>>> print(open('model32.cif').read())   # mmCIF, C-alpha atoms and all ligand atoms
data_input
loop_
_atom_site.label_atom_id
_atom_site.label_comp_id
_atom_site.auth_asym_id
_atom_site.auth_seq_id
_atom_site.Cartn_x
_atom_site.Cartn_y
_atom_site.Cartn_z
CA MET W 1 -129.32 -224.96 178.38
CA THR W 2 -131.03 -223.01 175.66
CA GLU W 3 -129.64 -219.67 174.73
CA THR W 4 -132.01 -216.75 174.33
CA VAL W 5 -131.72 -215.28 170.88
CA ARG W 6 -131.69 -211.53 171.17
CA PRO W 7 -132.67 -209.37 168.22
CA PRO W 8 -130.02 -206.86 167.23
CA GLU W 9 -130.28 -203.49 169.02
CA VAL W 10 -131.75 -201.66 166.00
CA ASP W 11 -134.51 -204.26 165.61
CA ARG W 12 -135.41 -203.94 169.26
CA ILE W 13 -135.64 -200.16 169.03
CA ALA W 14 -137.76 -200.40 165.90
CA ALA W 15 -140.00 -203.00 167.53
CA SER W 16 -140.52 -200.92 170.64
CA ARG W 17 -141.31 -197.83 168.54
CA LYS W 18 -143.86 -199.87 166.65
CA ALA W 19 -145.39 -201.11 169.90
CA VAL W 20 -145.68 -197.54 171.20
CA ALA W 21 -147.33 -196.40 167.96
CA ALA W 22 -149.77 -199.32 168.09
CA ARG W 23 -150.66 -198.54 171.72
CA ARG W 24 -151.25 -194.92 170.78
CA ALA W 25 -153.45 -195.90 167.87
CA ARG W 26 -155.52 -198.14 170.16
CA ALA W 27 -155.81 -195.35 172.76
CA SER W 28 -157.03 -193.06 169.99
CA ILE W 29 -159.73 -195.56 168.93
CA LYS W 30 -160.88 -195.87 172.54
CA LYS W 31 -161.24 -192.11 172.73
CA ASP W 32 -163.14 -192.09 169.42
CA LEU W 33 -165.52 -194.73 170.75
CA ALA W 34 -166.08 -192.87 174.01
CA THR W 35 -166.78 -189.61 172.19
CA ARG W 36 -168.84 -191.40 169.50
CA VAL W 37 -166.63 -190.20 166.68
CA VAL W 38 -166.85 -193.76 165.45
CA THR W 39 -169.54 -196.40 165.96
CA PRO W 40 -168.55 -199.65 167.69
CA GLN W 41 -169.85 -201.56 164.66
CA GLU W 42 -167.44 -199.63 162.43
CA VAL W 43 -164.50 -200.57 164.70
CA LEU W 44 -165.62 -204.20 164.56
CA ARG W 45 -165.76 -204.04 160.74
CA ARG W 46 -162.24 -202.59 160.60
CA ALA W 47 -161.02 -205.35 162.93
CA ALA W 48 -162.58 -208.02 160.70
CA ALA W 49 -161.02 -206.45 157.61
CA ASP W 50 -157.53 -206.36 159.14
CA ALA W 51 -156.72 -208.30 162.32
CA SER W 52 -153.33 -206.60 162.64
CA SER W 53 -154.80 -203.06 162.51
CA ALA W 54 -155.23 -200.93 165.65
CA SER W 55 -158.90 -202.02 165.79
CA GLY W 56 -157.97 -205.65 165.23
CA THR W 57 -155.46 -205.72 168.07
CA LEU W 58 -157.76 -204.01 170.56
CA ARG W 59 -158.75 -206.38 173.36
CA VAL W 60 -162.49 -207.03 173.62
CA PRO W 61 -162.76 -205.98 177.31
CA GLU W 62 -161.07 -202.64 176.55
CA PHE W 63 -163.32 -202.17 173.54
CA LEU W 64 -166.39 -202.71 175.70
CA THR W 65 -165.39 -200.36 178.52
CA SER W 66 -164.71 -197.62 175.95
CA LEU W 67 -168.39 -197.65 175.01
CA PRO W 68 -170.69 -195.13 176.67
CA ALA W 69 -172.16 -196.40 179.96
CA ILE W 70 -170.31 -199.74 180.05
CA GLY W 71 -168.39 -200.22 183.29
CA GLN W 72 -166.36 -203.21 184.44
CA GLY W 73 -169.30 -205.09 185.95
CA LYS W 74 -171.38 -204.79 182.79
CA ARG W 75 -168.35 -205.64 180.66
CA ASP W 76 -167.84 -208.95 182.52
CA ARG W 77 -171.50 -209.89 182.20
CA ILE W 78 -171.45 -209.16 178.45
CA LEU W 79 -168.30 -211.22 177.91
CA GLU W 80 -169.89 -214.12 179.75
CA GLU W 81 -173.16 -213.81 177.86
CA LEU W 82 -171.36 -213.72 174.50
CA GLN W 83 -168.90 -216.41 175.59
CA ILE W 84 -165.85 -214.37 174.74
CA ALA W 85 -162.66 -214.92 176.75
CA PRO W 86 -161.22 -211.67 178.21
CA VAL W 87 -157.86 -212.20 176.45
CA LYS W 88 -159.50 -212.05 173.02
CA ARG W 89 -158.69 -209.25 170.63
CA LEU W 90 -161.35 -207.89 168.26
CA GLY W 91 -159.52 -209.19 165.20
CA GLY W 92 -159.19 -212.65 166.72
CA LEU W 93 -162.88 -213.36 167.25
CA GLY W 94 -164.37 -216.41 165.62
CA ALA W 95 -167.23 -215.90 163.15
CA ARG W 96 -169.85 -216.91 165.72
CA GLN W 97 -168.43 -214.65 168.42
CA ARG W 98 -168.22 -211.74 166.02
CA ALA W 99 -171.82 -212.22 164.93
CA ALA W 100 -172.95 -212.39 168.57
CA LEU W 101 -171.03 -209.21 169.46
CA GLU W 102 -172.41 -207.44 166.39
CA ALA W 103 -175.99 -208.41 167.27
CA TRP W 104 -175.47 -207.18 170.81
CA LEU W 105 -174.06 -203.85 169.53
CA ASP W 106 -176.94 -203.41 167.06
CA ALA W 107 -179.45 -203.87 169.87
CA ARG W 108 -177.61 -201.57 172.25
CA PHE W 109 -176.17 -198.92 169.87
CA PRO W 110 -178.33 -199.04 166.72
CA GLU W 111 -176.74 -197.53 163.63
CA PRO W 112 -179.07 -195.22 161.73
CA ALA W 113 -180.68 -196.75 158.68
CA PRO W 114 -181.37 -194.45 155.71
CA ARG W 115 -185.08 -193.69 155.46
CA PRO W 116 -186.82 -194.09 152.10
CA GLY W 117 -188.48 -191.32 150.11
CA ARG W 118 -185.84 -188.62 150.53
CA SER W 119 -185.95 -185.16 149.01
CA SER W 120 -183.04 -183.33 147.39
CA LEU W 121 -182.78 -181.13 150.47
CA VAL W 122 -179.63 -181.96 152.41
CA VAL W 123 -178.75 -180.57 155.81
CA LEU W 124 -175.07 -180.65 156.69
CA ALA W 125 -174.44 -180.43 160.41
CA GLY W 126 -171.77 -181.63 162.80
CA PRO W 127 -169.71 -180.64 165.81
CA THR W 128 -167.93 -177.34 166.08
CA ALA W 129 -164.64 -177.07 164.10
CA VAL W 130 -165.34 -180.20 162.07
CA GLY W 131 -165.11 -178.19 158.85
CA LYS W 132 -168.77 -177.87 157.73
CA GLY W 133 -168.10 -174.41 156.33
CA THR W 134 -165.08 -175.63 154.36
CA VAL W 135 -167.00 -178.54 152.86
CA ALA W 136 -169.94 -176.25 151.99
CA ALA W 137 -167.56 -173.70 150.41
CA TYR W 138 -165.96 -176.47 148.35
CA ILE W 139 -169.39 -177.52 147.07
CA ARG W 140 -170.29 -173.90 146.25
CA GLU W 141 -167.11 -173.66 144.19
CA HIS W 142 -167.29 -176.99 142.38
CA ASN W 143 -171.00 -177.75 142.12
CA PRO W 144 -172.86 -174.69 140.86
CA GLU W 145 -175.99 -176.84 140.32
CA VAL W 146 -176.34 -177.07 144.11
CA MET W 147 -178.26 -174.23 145.70
CA LEU W 148 -176.45 -173.30 148.89
CA SER W 149 -178.84 -171.68 151.32
CA VAL W 150 -177.76 -168.26 152.60
CA SER W 151 -178.72 -167.78 156.25
CA ALA W 152 -179.73 -164.64 158.07
CA THR W 153 -177.63 -163.83 161.14
CA THR W 154 -177.48 -161.21 163.83
CA ARG W 155 -173.69 -161.44 164.08
CA ALA W 156 -171.45 -158.85 162.45
CA PRO W 157 -169.72 -159.69 159.16
CA ARG W 158 -166.14 -160.96 159.38
CA PRO W 159 -163.52 -159.52 157.04
CA GLY W 160 -164.13 -160.79 153.52
CA GLU W 161 -167.74 -161.83 154.13
CA GLU W 162 -170.26 -160.46 151.68
CA GLU W 163 -173.89 -159.58 152.28
CA GLY W 164 -176.13 -162.04 150.45
CA ARG W 165 -173.30 -164.41 149.61
CA HIS W 166 -172.12 -165.64 153.01
CA TYR W 167 -175.02 -164.36 155.09
CA PHE W 168 -177.77 -161.79 155.22
CA PHE W 169 -176.57 -159.63 158.09
CA VAL W 170 -179.57 -158.33 160.00
CA ASP W 171 -180.17 -156.61 163.33
CA ASP W 172 -182.22 -158.06 166.18
CA ALA W 173 -185.38 -156.19 165.19
CA GLU W 174 -185.23 -157.50 161.62
CA PHE W 175 -184.56 -161.04 162.84
CA ASP W 176 -187.57 -160.78 165.18
CA ARG W 177 -189.69 -159.67 162.24
CA MET W 178 -188.54 -162.59 160.06
CA VAL W 179 -189.45 -165.02 162.85
CA ALA W 180 -192.82 -163.36 163.44
CA ASP W 181 -193.68 -163.39 159.73
CA GLY W 182 -192.80 -167.10 159.41
CA GLU W 183 -190.04 -166.36 156.91
CA LEU W 184 -187.60 -168.79 158.48
CA LEU W 185 -187.64 -172.55 157.95
CA GLU W 186 -185.66 -172.90 161.18
CA TRP W 187 -183.59 -170.71 163.45
CA ALA W 188 -181.38 -171.11 166.51
CA THR W 189 -179.14 -169.21 168.88
CA VAL W 190 -175.70 -170.68 168.21
CA HIS W 191 -172.94 -170.89 170.84
CA GLY W 192 -175.25 -168.98 173.17
CA ARG W 193 -174.64 -165.73 171.29
CA HIS W 194 -176.09 -164.80 167.94
CA ARG W 195 -179.18 -165.95 166.11
CA TYR W 196 -178.99 -167.69 162.74
CA GLY W 197 -181.89 -168.74 160.55
CA THR W 198 -182.67 -170.25 157.14
CA PRO W 199 -184.93 -168.15 154.86
CA ARG W 200 -187.75 -170.39 153.66
CA GLY W 201 -188.60 -168.81 150.26
CA PRO W 202 -185.48 -169.63 148.21
CA ILE W 203 -185.52 -173.20 149.50
CA ASP W 204 -189.16 -173.82 148.65
CA ARG W 205 -188.54 -172.51 145.14
CA ALA W 206 -185.41 -174.64 144.57
CA VAL W 207 -187.04 -177.81 145.93
CA ALA W 208 -190.08 -177.19 143.68
CA GLU W 209 -187.68 -177.02 140.70
CA GLY W 210 -186.04 -180.29 141.81
CA ARG W 211 -182.74 -178.52 142.40
CA PRO W 212 -180.45 -179.96 145.08
CA VAL W 213 -180.34 -177.69 148.12
CA LEU W 214 -177.68 -177.65 150.83
CA LEU W 215 -178.13 -176.14 154.27
CA GLU W 216 -175.02 -175.78 156.43
CA ILE W 217 -176.48 -175.19 159.86
CA ASP W 218 -176.10 -176.26 163.47
CA ILE W 219 -177.54 -179.42 164.99
CA GLN W 220 -180.58 -177.83 166.66
CA GLY W 221 -181.46 -176.32 163.29
CA ALA W 222 -181.08 -179.70 161.56
CA PHE W 223 -183.73 -181.26 163.81
CA GLN W 224 -186.08 -178.33 163.21
CA VAL W 225 -185.73 -178.85 159.46
CA ARG W 226 -186.61 -182.51 159.88
CA ALA W 227 -189.68 -181.53 161.90
CA SER W 228 -191.02 -179.33 159.09
CA GLU W 229 -189.53 -181.27 156.12
CA PRO W 230 -189.49 -184.94 157.16
CA ARG W 231 -188.05 -186.00 153.79
CA ALA W 232 -184.89 -183.88 154.21
CA ASN W 233 -181.60 -185.78 154.44
CA LEU W 234 -179.69 -185.08 157.62
CA VAL W 235 -175.96 -185.55 157.14
CA PHE W 236 -173.61 -185.55 160.10
CA LEU W 237 -170.04 -184.51 159.34
CA LEU W 238 -167.52 -186.32 161.55
CA PRO W 239 -163.87 -185.58 162.26
CA PRO W 240 -161.44 -188.43 161.48
CA SER W 241 -160.78 -188.68 165.25
CA TRP W 242 -161.41 -186.83 168.49
CA ASP W 243 -157.75 -185.74 168.65
CA GLU W 244 -158.04 -184.29 165.16
CA LEU W 245 -161.12 -182.30 166.20
CA VAL W 246 -159.24 -180.88 169.19
CA ASP W 247 -156.29 -179.99 166.93
CA ARG W 248 -158.57 -178.25 164.44
CA LEU W 249 -160.29 -176.23 167.13
CA VAL W 250 -157.08 -175.23 168.88
CA GLY W 251 -155.16 -174.75 165.61
CA ARG W 252 -157.82 -172.42 164.25
CA GLY W 253 -156.72 -169.97 166.95
CA THR W 254 -159.88 -167.89 166.69
CA GLU W 255 -161.10 -168.67 170.24
CA ASP W 256 -159.41 -168.17 173.62
CA ALA W 257 -158.69 -171.12 175.96
CA GLU W 258 -161.93 -170.77 177.90
CA GLU W 259 -164.03 -170.60 174.74
CA GLN W 260 -162.14 -173.59 173.27
CA ALA W 261 -162.92 -175.67 176.38
CA ARG W 262 -166.57 -174.63 176.16
CA ARG W 263 -166.77 -175.57 172.49
CA LEU W 264 -165.15 -178.94 173.13
CA ARG W 265 -167.77 -179.69 175.77
CA THR W 266 -170.43 -178.72 173.25
CA ALA W 267 -168.74 -180.91 170.61
CA ARG W 268 -168.98 -183.96 172.88
CA ALA W 269 -172.70 -183.42 173.36
CA GLU W 270 -173.11 -182.78 169.62
CA LEU W 271 -171.33 -186.01 168.69
CA ALA W 272 -173.83 -187.89 170.80
CA ALA W 273 -176.60 -186.69 168.45
CA GLN W 274 -175.12 -188.33 165.34
CA GLY W 275 -177.21 -191.50 165.75
CA GLU W 276 -180.29 -189.51 164.82
CA PHE W 277 -178.88 -188.44 161.46
CA ASP W 278 -179.59 -190.25 158.20
CA PHE W 279 -176.01 -190.31 156.98
CA ARG W 280 -172.54 -189.80 158.33
CA VAL W 281 -169.59 -188.49 156.35
CA VAL W 282 -166.03 -188.38 157.72
CA ASN W 283 -164.18 -185.16 156.89
CA GLU W 284 -160.72 -186.60 156.39
CA ASP W 285 -160.28 -184.96 153.01
CA VAL W 286 -162.46 -181.97 152.07
CA ALA W 287 -162.87 -182.88 148.38
CA GLU W 288 -163.83 -186.46 149.24
CA ALA W 289 -166.30 -185.39 151.95
CA ALA W 290 -167.85 -182.88 149.53
CA ARG W 291 -168.15 -185.57 146.86
CA GLN W 292 -170.01 -187.86 149.27
CA VAL W 293 -172.45 -185.09 150.20
CA VAL W 294 -173.11 -184.24 146.54
CA ASP W 295 -173.57 -187.93 145.70
CA LEU W 296 -176.21 -188.15 148.40
CA MET W 297 -178.08 -185.22 146.89
CA GLN W 298 -177.96 -186.69 143.43
CA ALA W 299 -179.06 -190.11 144.64
CA SER W 300 -182.02 -188.51 146.44
CA ALA W 301 -182.98 -186.40 143.44
CA ARG W 302 -183.26 -189.46 141.18
P1 LIG O 401 -170.32 -168.76 161.93
O1 LIG O 401 -170.68 -167.64 162.84
O2 LIG O 401 -168.96 -169.33 162.28
O3 LIG O 401 -170.46 -168.41 160.47
O4 LIG O 401 -171.37 -169.93 162.19
C1 LIG O 401 -171.56 -170.45 163.46
C2 LIG O 401 -172.51 -171.62 163.43
O5 LIG O 401 -173.81 -171.22 162.99
C3 LIG O 401 -172.10 -172.76 162.51
O6 LIG O 401 -172.14 -173.95 163.30
C4 LIG O 401 -173.17 -172.81 161.48
O7 LIG O 401 -173.44 -174.14 161.06
C5 LIG O 401 -174.36 -172.25 162.21
N1 LIG O 401 -175.36 -171.67 161.30
C6 LIG O 401 -175.14 -170.91 160.22
N2 LIG O 401 -176.29 -170.59 159.62
C7 LIG O 401 -177.28 -171.18 160.34
C8 LIG O 401 -178.71 -171.22 160.21
O8 LIG O 401 -179.32 -170.65 159.31
N3 LIG O 401 -179.37 -171.93 161.15
C9 LIG O 401 -178.76 -172.57 162.16
N4 LIG O 401 -179.51 -173.25 163.02
N5 LIG O 401 -177.42 -172.55 162.32
C10 LIG O 401 -176.69 -171.88 161.42
#
>>> encode(input="model32.cif", output="C-alpha cells")
Amino acid sequence: MTETVRPPEVDRIAASRKAVAARRARASIKKDLATRVVTPQEVLRRAAADASSASGTLRVPEFLTSLPAIGQGKRDRILEELQIAPVKRLGGLGARQRAALEAWLDARFPEPAPRPGRSSLVVLAGPTAVGKGTVAAYIREHNPEVMLSVSATTRAPRPGEEEGRHYFFVDDAEFDRMVADGELLEWATVHGRHRYGTPRGPIDRAVAEGRPVLLEIDIQGAFQVRASEPRANLVFLLPPSWDELVDRLVGRGTEDAEEQARRLRTARAELAAQGEFDFRVVNEDVAEAARQVVDLMQASAR
C-alpha cells in the first residue's frame, strides 16, 4: 500500500491561499475582457510571455466566454474549428494553436492600427474616473512645451479652479454664441448636464507653429475632433482593471450612489469605444502614462 505524503499544515495553508489569489486574478482578467479594459490579444500575449501568470493559467473555454457576444454554443464551435481541447489553458497552447487563436481574434476583434501622417494634436479621452484630468495636469506641470487646451464650460467653477487656466466659465447664452460663431472645434453635453467645448483659435495657432497640443475631453468630443482634424491622434486612457476603475470612482467620493451607478454604466459603454482610438495608454502610474502621451506627441511632431 502506498502512503499519501501530506504537505505540512503551513504549506497547505500557503498553497490554498495562493490558489485563491490565482482564482481571483483570473476572475479579474475575465471581467477586464468582458468590459474591454484589455484586448483578448493582449491577454494572449501575456499568457505566451508567462504560462504561470493569471493569463497563462486561464482555460481557453473561459477565456472565450468572457469575450463580448460569445456564448457556450459559439465557444464550442470555435474550439472545434481551432482544434483546441477544452482542458487547454492559454499558456499551454502550442505555437500552431496560438497562431490560429490569434488570427481568429484579429478577424473578430481587430486591434486598432496607428494611422500614418499624424499631426501633433493629441486628444486624451477615456472612461469616467480613469484619471484623464490627473494625467493632463501632470503634463501641464512637467511639459511646458505642450499647449494644453483650455475648454469653455457652462458649469460653475469648483474651489481652486481658475478662469482661463482650468476652464473659461461661461453662461448658456455665451456658449450658444460661441457655437453659433463657429468658435468651437468641438463641443458636447457631458454626463447629461453641462456643456463643454474646445476653443478653435488657440489650437489652430499652436498647430501652425508645430507645437504639441493636448485636448483632455470626453469621448464624443474626441470623435468630433477626428471628423474635423482627421490627422489628430486619439488616445484612449485605460484603467489597469475594471475593479480599479470602480474603486477610483467610489473612492473619489464626489458622487452619490445613484450617480456612481450611472457613471459606471456610462464607463462600460465608453470602454467599448476604445477600438476606434489610435492608441491606448494604461493609467497604472500617472507619470508613466503622461510620459507615453508626451512621447506620442513628440513622435508625431517629427
Ligand atoms: P469636469 O466637469 O470634471 O471638469 O469634466 C467633466 C468631463 O468633461 C470630463 O470627462 C472632461 O474630459 C470633459 N470635458 C472637459 N472639457 C471638454 C471639452 O472641451 N469638450 C468635451 N467634449 N469634453 C470636455
>>> closest_residue(input="model32.cif", among="W:Trp104, W:Phe236, W:Tyr196, W:Phe277", to="ligand LIG 401 (chain O)", atoms="all atoms listed in the file")
W:Tyr196
>>> residues_around(input="model32.cif", residues="stretch 82-91 of chain W", least_positions_apart="6", cutoff="6 Å", atoms="all atoms listed in the file", output="ChimeraX atom specification")
/W:47-48,51,56-61
>>> closest_atom_pairs(input="model32.cif", of="stretch 208-275 of chain W", to="stretch 134-141 of chain W", cutoff="9 Å", atoms="only C-alpha atoms", output="Markdown table")
| residue | atom | partner | partner_atom | distance |
| --- | --- | --- | --- | --- |
| W:Leu214 | CA | W:Ala136 | CA | 8.0 |
| W:Leu215 | CA | W:Ala136 | CA | 8.5 |
| W:Glu216 | CA | W:Ala136 | CA | 6.8 |
>>> write_last_selection(input="model32.cif", atoms="C-alpha atoms", output="PDB file, keeping the file's coordinate frame")
ATOM      1  CA  LEU W 214    -177.680-177.650 150.830  1.00  0.00           C
ATOM      2  CA  LEU W 215    -178.130-176.140 154.270  1.00  0.00           C
ATOM      3  CA  GLU W 216    -175.020-175.780 156.430  1.00  0.00           C
TER       4      GLU W 216
END
>>> axis_aligned_box(input="model32.cif", around="stretch 37-46 of chain W", padding_each_side="5 Å", output="AutoDock Vina command-line options")
--center_x -166.0 --center_y -197.2 --center_z 164.1 --size_x 17.6 --size_y 24.0 --size_z 17.1
>>> residues_around(input="model32.cif", residues="stretch 186-192 of chain W", least_positions_apart="5", cutoff="10 Å", atoms="all atoms listed in the file", output="list of chain:residue names")
W:Thr128, W:Ser151, W:Ala152, W:Thr153, W:Thr154, W:Phe175, W:Val179, W:Gly197, W:Thr198, W:Pro199, W:Arg200, W:Ile217, W:Asp218, W:Ile219, W:Gln220, W:Gly221, W:Ala222, W:Phe223, W:Gln224, W:Val225, W:Arg226, W:Ala227, W:Ser228, W:Glu259, W:Arg262, W:Arg263, W:Thr266
>>> atom_distance(input="model32.cif", atom1="atom CA of W:Ala129", atom2="atom CA of W:Glu284")
12.9 Å
>>> residues_around(input="model32.cif", residues="W:Leu245", least_positions_apart="3", cutoff="9 Å", atoms="all atoms listed in the file", output="ChimeraX atom specification")
/W:127-130,238-242,248-250,264,267
>>> write_last_selection(input="model32.cif", atoms="C-alpha atoms", output="mmCIF file, keeping the file's coordinate frame")
data_model
loop_
_atom_site.group_PDB
_atom_site.id
_atom_site.type_symbol
_atom_site.label_atom_id
_atom_site.label_comp_id
_atom_site.auth_asym_id
_atom_site.auth_seq_id
_atom_site.Cartn_x
_atom_site.Cartn_y
_atom_site.Cartn_z
ATOM 1 C CA PRO W 127 -169.710 -180.640 165.810
ATOM 2 C CA THR W 128 -167.930 -177.340 166.080
ATOM 3 C CA ALA W 129 -164.640 -177.070 164.100
ATOM 4 C CA VAL W 130 -165.340 -180.200 162.070
ATOM 5 C CA LEU W 238 -167.520 -186.320 161.550
ATOM 6 C CA PRO W 239 -163.870 -185.580 162.260
ATOM 7 C CA PRO W 240 -161.440 -188.430 161.480
ATOM 8 C CA SER W 241 -160.780 -188.680 165.250
ATOM 9 C CA TRP W 242 -161.410 -186.830 168.490
ATOM 10 C CA ARG W 248 -158.570 -178.250 164.440
ATOM 11 C CA LEU W 249 -160.290 -176.230 167.130
ATOM 12 C CA VAL W 250 -157.080 -175.230 168.880
ATOM 13 C CA LEU W 264 -165.150 -178.940 173.130
ATOM 14 C CA ALA W 267 -168.740 -180.910 170.610
#
>>> closest_residue(input="model32.cif", among="W:Asp285, W:Ser120, W:Ala156, W:Val150", to="W:Phe168", atoms="all atoms listed in the file")
W:Val150
>>> atom_distance(input="model32.cif", atom1="atom CA of W:Pro212", atom2="atom CA of W:Gln298")
7.4 Å
>>> closest_residue(input="model32.cif", among="W:Pro40, W:Gly131, W:Gly164, W:Gly71", to="ligand LIG 401 (chain O)", atoms="only C-alpha atoms and all ligand atoms")
W:Gly131
>>> residues_near_point(input="model32.cif", point="(-187.0, -173.1, 144.2)", cutoff="12 Å", atoms="only C-alpha atoms", output="list in words")
Ser120, Leu121, Val146, Met147, Leu148, Ser149, Pro199, Arg200, Gly201, Pro202, Ile203, Asp204, Arg205, Ala206, Val207, Ala208, Glu209, Gly210, Arg211, Pro212 and Val213 of chain W
>>> atom_distance(input="model32.cif", atom1="atom C7 of ligand LIG 401 (chain O)", atom2="atom CA of W:Val37")
22.7 Å
>>> build_atoms(input="model32.cif", residues="stretch 191-199 of chain W", atoms="all heavy atoms", output="short mmCIF file (atom, residue, chain, number, x, y, z; two decimals), in the frame of the given file")
data_model
loop_
_atom_site.label_atom_id
_atom_site.label_comp_id
_atom_site.auth_asym_id
_atom_site.auth_seq_id
_atom_site.Cartn_x
_atom_site.Cartn_y
_atom_site.Cartn_z
N HIS W 191 -173.99 -171.15 169.85
CA HIS W 191 -172.94 -170.89 170.84
C HIS W 191 -173.40 -169.85 171.87
O HIS W 191 -172.61 -169.05 172.37
CB HIS W 191 -171.62 -170.41 170.18
CG HIS W 191 -171.02 -171.43 169.26
ND1 HIS W 191 -170.83 -172.74 169.64
CD2 HIS W 191 -170.59 -171.35 167.98
CE1 HIS W 191 -170.30 -173.41 168.63
NE2 HIS W 191 -170.15 -172.60 167.61
N GLY W 192 -174.70 -169.86 172.13
CA GLY W 192 -175.25 -168.98 173.17
C GLY W 192 -175.13 -167.50 172.86
O GLY W 192 -175.26 -166.67 173.76
N ARG W 193 -174.87 -167.14 171.60
CA ARG W 193 -174.64 -165.73 171.29
C ARG W 193 -175.63 -165.18 170.29
O ARG W 193 -176.61 -164.55 170.63
CB ARG W 193 -173.23 -165.56 170.72
CG ARG W 193 -172.16 -165.73 171.74
CD ARG W 193 -171.18 -164.55 171.72
NE ARG W 193 -170.15 -164.79 172.72
CZ ARG W 193 -169.09 -165.53 172.49
NH1 ARG W 193 -168.91 -166.05 171.28
NH2 ARG W 193 -168.20 -165.73 173.43
N HIS W 194 -175.32 -165.45 169.01
CA HIS W 194 -176.09 -164.80 167.94
C HIS W 194 -177.14 -165.75 167.38
O HIS W 194 -177.02 -166.96 167.50
CB HIS W 194 -175.15 -164.36 166.83
CG HIS W 194 -174.10 -163.41 167.32
ND1 HIS W 194 -174.40 -162.14 167.72
CD2 HIS W 194 -172.78 -163.58 167.53
CE1 HIS W 194 -173.30 -161.55 168.14
NE2 HIS W 194 -172.31 -162.39 168.04
N ARG W 195 -178.13 -165.14 166.74
CA ARG W 195 -179.18 -165.95 166.11
C ARG W 195 -178.86 -166.14 164.62
O ARG W 195 -178.34 -165.23 163.97
CB ARG W 195 -180.54 -165.28 166.30
CG ARG W 195 -181.02 -165.41 167.74
CD ARG W 195 -182.38 -164.81 167.93
NE ARG W 195 -182.38 -163.36 167.75
CZ ARG W 195 -183.47 -162.62 167.69
NH1 ARG W 195 -184.67 -163.19 167.76
NH2 ARG W 195 -183.39 -161.31 167.55
N TYR W 196 -179.20 -167.34 164.14
CA TYR W 196 -178.99 -167.69 162.74
C TYR W 196 -180.27 -168.36 162.26
O TYR W 196 -180.86 -169.15 162.99
CB TYR W 196 -177.86 -168.72 162.59
CG TYR W 196 -176.48 -168.26 163.00
CD1 TYR W 196 -176.11 -168.22 164.34
CD2 TYR W 196 -175.54 -167.89 162.05
CE1 TYR W 196 -174.85 -167.82 164.73
CE2 TYR W 196 -174.26 -167.48 162.42
CZ TYR W 196 -173.92 -167.45 163.76
OH TYR W 196 -172.67 -167.06 164.14
N GLY W 197 -180.69 -168.08 161.04
CA GLY W 197 -181.89 -168.74 160.55
C GLY W 197 -181.85 -168.93 159.04
O GLY W 197 -181.15 -168.22 158.32
N THR W 198 -182.63 -169.92 158.57
CA THR W 198 -182.67 -170.25 157.14
C THR W 198 -183.92 -169.65 156.50
O THR W 198 -185.03 -170.05 156.83
CB THR W 198 -182.74 -171.79 156.97
OG1 THR W 198 -181.66 -172.37 157.69
CG2 THR W 198 -182.69 -172.19 155.52
N PRO W 199 -183.76 -168.70 155.56
CA PRO W 199 -184.93 -168.15 154.86
C PRO W 199 -185.64 -169.25 154.06
O PRO W 199 -185.00 -170.04 153.37
CB PRO W 199 -184.33 -167.11 153.93
CG PRO W 199 -183.01 -166.76 154.54
CD PRO W 199 -182.52 -168.02 155.19
#
